[in-house]
Amino acid sequence: MMIRVTRPRFAQALGLALVMLLGVLQARATFAADAIDASRPQALIESSSRVLFADLDANRAKYRKDISQLYKVVDTVFLPHVDVDFAAQQVLGKHWRTATPDQRKRFVAAFYRSLLTTYGDALVDFTGDRMKVLPFQGDASQPRASVRTEIRRSNGASVAVAYSLRKDAAGAWKVWDVVIEGISYVKSFREDFGLEVDQKGLDALLQRLEASAAKSGARAP
């Protein structure tokens with residue numbers, strides 16, 4: 001059974017989680033160079049969250065008037081600590097192996113822009129007091145880790161959100177998946193996109209995603 005990723009009751013939780021997955025993990029030029037700590041999994045999520053919410057608090061009114069300004073911030077400032085290529089490869093799954101280099105490049109860009117335009121606006125009204133990073137229970141010496149958080153919805157209910165991270169060749173941690181209430185959104189997109197590719201072909205998926213992004217004005221990473 002396919003798990004759709006657009007369920008309204010998760011809109012803000014998914015918006016926060018996926019935009020962080022996309023790259024809301026690098027300090028703006030106005031922050032100190034060491035504002036983001038990618039040396040440990042939990043430190044990366046905690047420090048990037050502080051940077052994100054500081055930016056939202058400072059620019060919320062501007063983003064409400066023009067959501068494209070938020071897209072630009074994510075586009076130009078908040079990308080380097082997310083493994084976008086690996087996430088896109090996992091989403092495309094078996095079809096990645098048969099895709100051409102050009103198709104892979106187009107899919108990485110189109111997937112990123114699709115998430116940004118679909119969920120970015122859910123962040124505008126999100127405040128830092130609604131997110132809690134839970135104590136880390138993993139082993140940071142291993143190449144992969146999960147950081148658990150809780151996001152409080154507007155009705156007071158809590159949503160469990162876990163960030164999946166992997167260590168790069170330089171030893172820095174990067175986010176590549178988000179698991180919300182036990183649902184991996186990499187897996188969910190893989191099921192949805194995989195069915196579409198099986199039925200219509202990879203080029204049709206790419207054209208749909210690219211057309212949607214073009215309408216929104218979102219740029220590639």
# chains A, B, ... in the order shown; residues from 1 in each chain; ligands from 1
$ residues_around --residues "range 206-212 of chain A" --least-positions-apart "6" --cutoff "12 Å" --atoms "only C-alpha atoms" --output "MDAnalysis selection string"
chainID A and resid 92 99 102:118 193 196:197 200 218:220
$ write_last_selection --atoms "N, CA and C atoms" --output "compact mmCIF listing (two decimals), in the first residue's frame"
# COMPACT_ATOMS: atom_id res chain seq x y z
N LEU A 92 14.83 7.32 -5.62
CA LEU A 92 14.65 6.76 -6.96
C LEU A 92 14.83 5.24 -6.94
N ALA A 99 19.04 4.81 -14.66
CA ALA A 99 18.94 6.19 -15.13
C ALA A 99 20.27 6.65 -15.72
N ASP A 102 22.46 12.22 -16.90
CA ASP A 102 21.64 13.43 -17.03
C ASP A 102 20.32 13.28 -16.29
N GLN A 103 19.70 12.11 -16.38
CA GLN A 103 18.45 11.89 -15.67
C GLN A 103 18.66 11.95 -14.16
N ARG A 104 19.77 11.42 -13.68
CA ARG A 104 20.07 11.47 -12.25
C ARG A 104 20.22 12.91 -11.79
N LYS A 105 20.96 13.69 -12.56
CA LYS A 105 21.17 15.10 -12.21
C LYS A 105 19.84 15.85 -12.19
N ARG A 106 19.02 15.60 -13.19
CA ARG A 106 17.71 16.27 -13.26
C ARG A 106 16.81 15.85 -12.10
N PHE A 107 16.87 14.56 -11.72
CA PHE A 107 16.02 14.10 -10.64
C PHE A 107 16.44 14.72 -9.31
N VAL A 108 17.72 14.79 -9.02
CA VAL A 108 18.19 15.42 -7.79
C VAL A 108 17.64 16.83 -7.68
N ALA A 109 17.78 17.61 -8.76
CA ALA A 109 17.31 18.98 -8.75
C ALA A 109 15.80 19.07 -8.65
N ALA A 110 15.10 18.23 -9.41
CA ALA A 110 13.64 18.29 -9.44
C ALA A 110 13.04 17.83 -8.11
N PHE A 111 13.62 16.80 -7.51
CA PHE A 111 13.13 16.31 -6.22
C PHE A 111 13.30 17.38 -5.15
N TYR A 112 14.46 18.00 -5.11
CA TYR A 112 14.71 19.07 -4.14
C TYR A 112 13.70 20.19 -4.29
N ARG A 113 13.50 20.66 -5.51
CA ARG A 113 12.59 21.79 -5.73
C ARG A 113 11.15 21.41 -5.43
N SER A 114 10.80 20.16 -5.69
CA SER A 114 9.44 19.70 -5.40
C SER A 114 9.16 19.76 -3.91
N LEU A 115 10.09 19.29 -3.10
CA LEU A 115 9.91 19.33 -1.65
C LEU A 115 9.85 20.77 -1.15
N LEU A 116 10.74 21.59 -1.66
CA LEU A 116 10.81 22.98 -1.22
C LEU A 116 9.50 23.70 -1.45
N THR A 117 8.94 23.57 -2.64
CA THR A 117 7.74 24.32 -2.96
C THR A 117 6.49 23.71 -2.32
N THR A 118 6.51 22.40 -2.07
CA THR A 118 5.35 21.74 -1.47
C THR A 118 5.25 22.03 0.02
N PHE A 193 6.93 7.55 -6.33
CA PHE A 193 7.62 7.81 -7.59
C PHE A 193 7.89 6.52 -8.35
N GLU A 196 4.92 5.60 -10.34
CA GLU A 196 4.76 6.51 -11.47
C GLU A 196 5.76 6.19 -12.58
N VAL A 197 7.01 5.89 -12.20
CA VAL A 197 8.02 5.55 -13.21
C VAL A 197 7.67 4.24 -13.89
N LYS A 200 4.69 5.24 -16.28
CA LYS A 200 4.84 6.27 -17.30
C LYS A 200 6.27 6.49 -17.76
N ALA A 218 10.94 28.08 -7.85
CA ALA A 218 12.02 27.51 -7.04
C ALA A 218 13.17 27.10 -7.94
N ARG A 219 14.40 27.31 -7.43
CA ARG A 219 15.58 26.98 -8.22
C ARG A 219 16.19 25.67 -7.77
N ALA A 220 17.03 25.10 -8.62
CA ALA A 220 17.71 23.86 -8.29
C ALA A 220 18.78 24.12 -7.26
$ closest_atom_pairs --of "range 140-170 of chain A" --to "range 180-184 of chain A" --cutoff "12 Å" --atoms "only C-alpha atoms" --output "tab-separated table"
residue	atom	partner	partner_atom	distance
A:Val147	CA	A:Ile180	CA	11.9
A:Arg148	CA	A:Ile180	CA	9.9
A:Thr149	CA	A:Ile180	CA	9.6
A:Glu150	CA	A:Ile180	CA	9.5
A:Ile151	CA	A:Ile180	CA	9.8
A:Ser158	CA	A:Glu181	CA	9.8
A:Val159	CA	A:Glu181	CA	6.5
A:Ala160	CA	A:Glu181	CA	5.1
A:Val161	CA	A:Ile180	CA	4.5
A:Ala162	CA	A:Ile180	CA	6.5
A:Tyr163	CA	A:Ile180	CA	8.8
A:Ser164	CA	A:Ser184	CA	9.4
$ closest_residue --among "A:Ala169, A:Ile36, A:Leu195, A:Ala213" --to "Gly93 in chain A" --atoms "only C-alpha atoms"
A:Leu195
$ closest_atom_pairs --of "range 49-86 of chain A" --to "range 119-136 of chain A" --cutoff "8 Å" --atoms "only C-alpha atoms" --output "JSON lines"
{"residue": "A:Ser49", "atom": "CA", "partner": "A:Gly128", "partner_atom": "CA", "distance": 7.7}
{"residue": "A:Arg50", "atom": "CA", "partner": "A:Gly128", "partner_atom": "CA", "distance": 7.6}
{"residue": "A:Phe53", "atom": "CA", "partner": "A:Gly128", "partner_atom": "CA", "distance": 5.6}
{"residue": "A:Leu56", "atom": "CA", "partner": "A:Val124", "partner_atom": "CA", "distance": 7.0}
{"residue": "A:Asp57", "atom": "CA", "partner": "A:Thr127", "partner_atom": "CA", "distance": 7.7}
{"residue": "A:Arg60", "atom": "CA", "partner": "A:Val124", "partner_atom": "CA", "distance": 6.2}
{"residue": "A:Tyr63", "atom": "CA", "partner": "A:Val124", "partner_atom": "CA", "distance": 6.6}
{"residue": "A:Arg64", "atom": "CA", "partner": "A:Val124", "partner_atom": "CA", "distance": 6.6}
{"residue": "A:Ile67", "atom": "CA", "partner": "A:Asp121", "partner_atom": "CA", "distance": 6.5}
{"residue": "A:Leu70", "atom": "CA", "partner": "A:Gly120", "partner_atom": "CA", "distance": 7.5}
{"residue": "A:Tyr71", "atom": "CA", "partner": "A:Gly120", "partner_atom": "CA", "distance": 7.1}
$ closest_residue --among "A:Gln199, A:Arg152, A:Gln90, A:Asn59" --to "Lys187 in chain A" --atoms "only C-alpha atoms"
A:Gln90
$ select_by_dssp --residues "range 44-139 of chain A" --states "alpha helix (DSSP H)" --output "VMD selection string"
chain A and resid 44 to 65 67 to 76 84 to 92 94 to 98 101 to 119
$ select_by_dssp --residues "range 57-199 of chain A" --states "strand (DSSP E)" --output "number ranges by chain"
A: 131-133, 144-152, 158-167, 173-180, 183-184
$ write_last_selection --atoms "N, CA and C atoms" --output "tab-separated table (two decimals), in the first residue's frame"
chain	number	residue	atom	x	y	z
A	131	MET	N	9.44	22.67	19.02
A	131	MET	CA	10.32	21.55	18.68
A	131	MET	C	11.22	21.23	19.86
A	132	LYS	N	11.33	19.95	20.18
A	132	LYS	CA	12.18	19.49	21.28
A	132	LYS	C	13.09	18.38	20.77
A	133	VAL	N	14.40	18.56	20.94
A	133	VAL	CA	15.36	17.53	20.57
A	133	VAL	C	15.57	16.61	21.77
A	144	ARG	N	26.33	5.82	10.76
A	144	ARG	CA	24.95	6.29	10.64
A	144	ARG	C	24.35	6.50	12.02
A	145	ALA	N	23.38	7.40	12.09
A	145	ALA	CA	22.76	7.70	13.38
A	145	ALA	C	21.35	8.24	13.15
A	146	SER	N	20.57	8.27	14.23
A	146	SER	CA	19.23	8.83	14.20
A	146	SER	C	19.07	9.76	15.39
A	147	VAL	N	18.53	10.95	15.15
A	147	VAL	CA	18.28	11.92	16.22
A	147	VAL	C	16.78	12.09	16.34
A	148	ARG	N	16.27	11.83	17.53
A	148	ARG	CA	14.82	11.89	17.77
A	148	ARG	C	14.42	13.29	18.24
A	149	THR	N	13.30	13.76	17.75
A	149	THR	CA	12.73	15.03	18.19
A	149	THR	C	11.23	14.87	18.36
A	150	GLU	N	10.63	15.85	19.00
A	150	GLU	CA	9.18	15.93	19.09
A	150	GLU	C	8.74	17.30	18.61
A	151	ILE	N	7.71	17.33	17.80
A	151	ILE	CA	7.14	18.58	17.32
A	151	ILE	C	5.72	18.70	17.83
A	152	ARG	N	5.45	19.81	18.49
A	152	ARG	CA	4.11	20.01	19.05
A	152	ARG	C	3.23	20.70	18.04
A	158	SER	N	1.73	15.88	20.26
A	158	SER	CA	3.12	15.77	19.85
A	158	SER	C	3.27	14.79	18.69
A	159	VAL	N	4.16	15.13	17.77
A	159	VAL	CA	4.47	14.27	16.63
A	159	VAL	C	5.93	13.85	16.76
A	160	ALA	N	6.21	12.55	16.71
A	160	ALA	CA	7.57	12.04	16.79
A	160	ALA	C	8.25	12.18	15.44
A	161	VAL	N	9.38	12.89	15.42
A	161	VAL	CA	10.14	13.11	14.19
A	161	VAL	C	11.58	12.71	14.44
A	162	ALA	N	12.11	11.81	13.63
A	162	ALA	CA	13.50	11.38	13.76
A	162	ALA	C	14.25	11.71	12.47
A	163	TYR	N	15.45	12.24	12.63
A	163	TYR	CA	16.30	12.57	11.49
A	163	TYR	C	17.35	11.48	11.32
A	164	SER	N	17.44	10.93	10.12
A	164	SER	CA	18.46	9.94	9.81
A	164	SER	C	19.67	10.66	9.22
A	165	LEU	N	20.84	10.36	9.76
A	165	LEU	CA	22.07	11.03	9.34
A	165	LEU	C	23.12	10.00	8.95
A	166	ARG	N	24.05	10.44	8.12
A	166	ARG	CA	25.20	9.61	7.77
A	166	ARG	C	26.45	10.48	7.77
A	167	LYS	N	27.58	9.88	8.07
A	167	LYS	CA	28.84	10.61	8.15
A	167	LYS	C	29.52	10.62	6.80
A	173	TRP	N	28.62	15.13	9.77
A	173	TRP	CA	27.33	14.47	9.67
A	173	TRP	C	26.42	15.23	8.70
A	174	LYS	N	25.60	14.47	7.96
A	174	LYS	CA	24.63	15.05	7.05
A	174	LYS	C	23.30	14.31	7.18
A	175	VAL	N	22.21	15.06	7.06
A	175	VAL	CA	20.88	14.48	7.12
A	175	VAL	C	20.50	13.94	5.74
A	176	TRP	N	19.82	12.77	5.72
A	176	TRP	CA	19.39	12.25	4.44
A	176	TRP	C	17.95	11.72	4.44
A	177	ASP	N	17.33	11.57	5.63
A	177	ASP	CA	15.95	11.09	5.67
A	177	ASP	C	15.28	11.64	6.92
A	178	VAL	N	13.96	11.66	6.89
A	178	VAL	CA	13.14	12.06	8.03
A	178	VAL	C	12.08	10.99	8.24
A	179	VAL	N	11.92	10.58	9.49
A	179	VAL	CA	10.92	9.56	9.83
A	179	VAL	C	9.90	10.20	10.77
A	180	ILE	N	8.67	10.32	10.32
A	180	ILE	CA	7.62	10.98	11.09
A	180	ILE	C	6.60	9.94	11.53
A	183	ILE	N	7.07	6.70	9.87
A	183	ILE	CA	7.00	6.67	8.40
A	183	ILE	C	8.23	7.36	7.83
A	184	SER	N	9.04	6.62	7.08
A	184	SER	CA	10.18	7.18	6.37
A	184	SER	C	9.68	7.88	5.13
$ atom_distance --atom1 "CA of Arg40 in chain A" --atom2 "CA of Asp168 in chain A"
12.0 Å
$ closest_residue --among "A:Thr100, A:Gln69, A:Gln42, A:Gln89" --to "Asp203 in chain A" --atoms "only C-alpha atoms"
A:Thr100
$ decode --residues "range 61-176 of chain A" --atoms "C-alpha atoms" --output "tab-separated table (two decimals), in the first residue's frame"
chain	number	residue	atom	x	y	z
A	61	ALA	CA	6.73	39.05	8.21
A	62	LYS	CA	8.76	39.20	5.00
A	63	TYR	CA	8.23	35.50	4.32
A	64	ARG	CA	4.47	35.80	4.87
A	65	LYS	CA	4.32	38.48	2.19
A	66	ASP	CA	6.61	36.69	-0.24
A	67	ILE	CA	7.25	32.97	0.28
A	68	SER	CA	9.81	33.03	-2.51
A	69	GLN	CA	12.13	34.87	-0.12
A	70	LEU	CA	12.12	31.79	2.11
A	71	TYR	CA	12.84	29.64	-0.92
A	72	LYS	CA	15.85	31.85	-1.69
A	73	VAL	CA	17.19	31.49	1.85
A	74	VAL	CA	16.93	27.71	1.68
A	75	ASP	CA	18.34	27.75	-1.85
A	76	THR	CA	21.34	29.96	-1.32
A	77	VAL	CA	22.18	29.64	2.36
A	78	PHE	CA	20.93	26.47	4.01
A	79	LEU	CA	22.01	23.53	1.84
A	80	PRO	CA	25.48	22.03	2.59
A	81	HIS	CA	24.71	19.79	5.57
A	82	VAL	CA	22.17	17.61	3.81
A	83	ASP	CA	23.13	14.70	1.58
A	84	VAL	CA	20.71	15.60	-1.20
A	85	ASP	CA	22.33	13.30	-3.75
A	86	PHE	CA	22.16	10.26	-1.45
A	87	ALA	CA	18.58	11.00	-0.45
A	88	ALA	CA	17.55	11.35	-4.09
A	89	GLN	CA	19.33	8.11	-4.95
A	90	GLN	CA	17.45	6.29	-2.19
A	91	VAL	CA	14.15	7.79	-3.34
A	92	LEU	CA	14.65	6.76	-6.96
A	93	GLY	CA	15.66	3.27	-5.76
A	94	LYS	CA	15.99	0.63	-8.48
A	95	HIS	CA	15.38	3.24	-11.17
A	96	TRP	CA	18.58	5.07	-10.16
A	97	ARG	CA	20.65	2.16	-11.48
A	98	THR	CA	19.15	2.40	-14.96
A	99	ALA	CA	18.94	6.19	-15.13
A	100	THR	CA	21.42	8.09	-17.29
A	101	PRO	CA	23.80	10.61	-15.65
A	102	ASP	CA	21.64	13.43	-17.03
A	103	GLN	CA	18.45	11.89	-15.67
A	104	ARG	CA	20.07	11.47	-12.25
A	105	LYS	CA	21.17	15.10	-12.21
A	106	ARG	CA	17.71	16.27	-13.26
A	107	PHE	CA	16.02	14.10	-10.64
A	108	VAL	CA	18.19	15.42	-7.79
A	109	ALA	CA	17.31	18.98	-8.75
A	110	ALA	CA	13.64	18.29	-9.44
A	111	PHE	CA	13.13	16.31	-6.22
A	112	TYR	CA	14.71	19.07	-4.14
A	113	ARG	CA	12.59	21.79	-5.73
A	114	SER	CA	9.44	19.70	-5.40
A	115	LEU	CA	9.91	19.33	-1.65
A	116	LEU	CA	10.81	22.98	-1.22
A	117	THR	CA	7.74	24.32	-2.96
A	118	THR	CA	5.35	21.74	-1.47
A	119	TYR	CA	6.35	22.09	2.17
A	120	GLY	CA	8.39	25.28	2.55
A	121	ASP	CA	5.40	27.49	3.28
A	122	ALA	CA	4.48	25.28	6.26
A	123	LEU	CA	7.49	26.74	8.06
A	124	VAL	CA	6.43	30.37	8.07
A	125	ASP	CA	4.33	30.17	11.23
A	126	PHE	CA	6.47	27.58	13.02
A	127	THR	CA	8.19	28.68	16.25
A	128	GLY	CA	11.13	27.16	18.09
A	129	ASP	CA	9.20	26.40	21.26
A	130	ARG	CA	7.27	23.72	19.35
A	131	MET	CA	10.32	21.55	18.68
A	132	LYS	CA	12.18	19.49	21.28
A	133	VAL	CA	15.36	17.53	20.57
A	134	LEU	CA	15.44	14.36	22.68
A	135	PRO	CA	18.60	12.88	24.26
A	136	PHE	CA	20.77	11.02	21.77
A	137	GLN	CA	20.75	7.26	22.28
A	138	GLY	CA	22.99	6.11	19.43
A	139	ASP	CA	26.71	5.66	18.91
A	140	ALA	CA	28.31	8.65	17.20
A	141	SER	CA	31.35	6.54	16.32
A	142	GLN	CA	29.22	4.60	13.82
A	143	PRO	CA	28.72	5.87	10.24
A	144	ARG	CA	24.95	6.29	10.64
A	145	ALA	CA	22.76	7.70	13.38
A	146	SER	CA	19.23	8.83	14.20
A	147	VAL	CA	18.28	11.92	16.22
A	148	ARG	CA	14.82	11.89	17.77
A	149	THR	CA	12.73	15.03	18.19
A	150	GLU	CA	9.18	15.93	19.09
A	151	ILE	CA	7.14	18.58	17.32
A	152	ARG	CA	4.11	20.01	19.05
A	153	ARG	CA	1.17	20.63	16.77
A	154	SER	CA	-1.17	23.60	17.13
A	155	ASN	CA	-3.67	21.44	19.04
A	156	GLY	CA	-1.02	20.46	21.61
A	157	ALA	CA	-0.46	16.91	20.37
A	158	SER	CA	3.12	15.77	19.85
A	159	VAL	CA	4.47	14.27	16.63
A	160	ALA	CA	7.57	12.04	16.79
A	161	VAL	CA	10.14	13.11	14.19
A	162	ALA	CA	13.50	11.38	13.76
A	163	TYR	CA	16.30	12.57	11.49
A	164	SER	CA	18.46	9.94	9.81
A	165	LEU	CA	22.07	11.03	9.34
A	166	ARG	CA	25.20	9.61	7.77
A	167	LYS	CA	28.84	10.61	8.15
A	168	ASP	CA	30.65	11.88	5.08
A	169	ALA	CA	34.25	11.19	4.06
A	170	ALA	CA	35.46	14.19	6.05
A	171	GLY	CA	33.75	12.97	9.23
A	172	ALA	CA	30.93	15.54	9.18
A	173	TRP	CA	27.33	14.47	9.67
A	174	LYS	CA	24.63	15.05	7.05
A	175	VAL	CA	20.88	14.48	7.12
A	176	TRP	CA	19.39	12.25	4.44
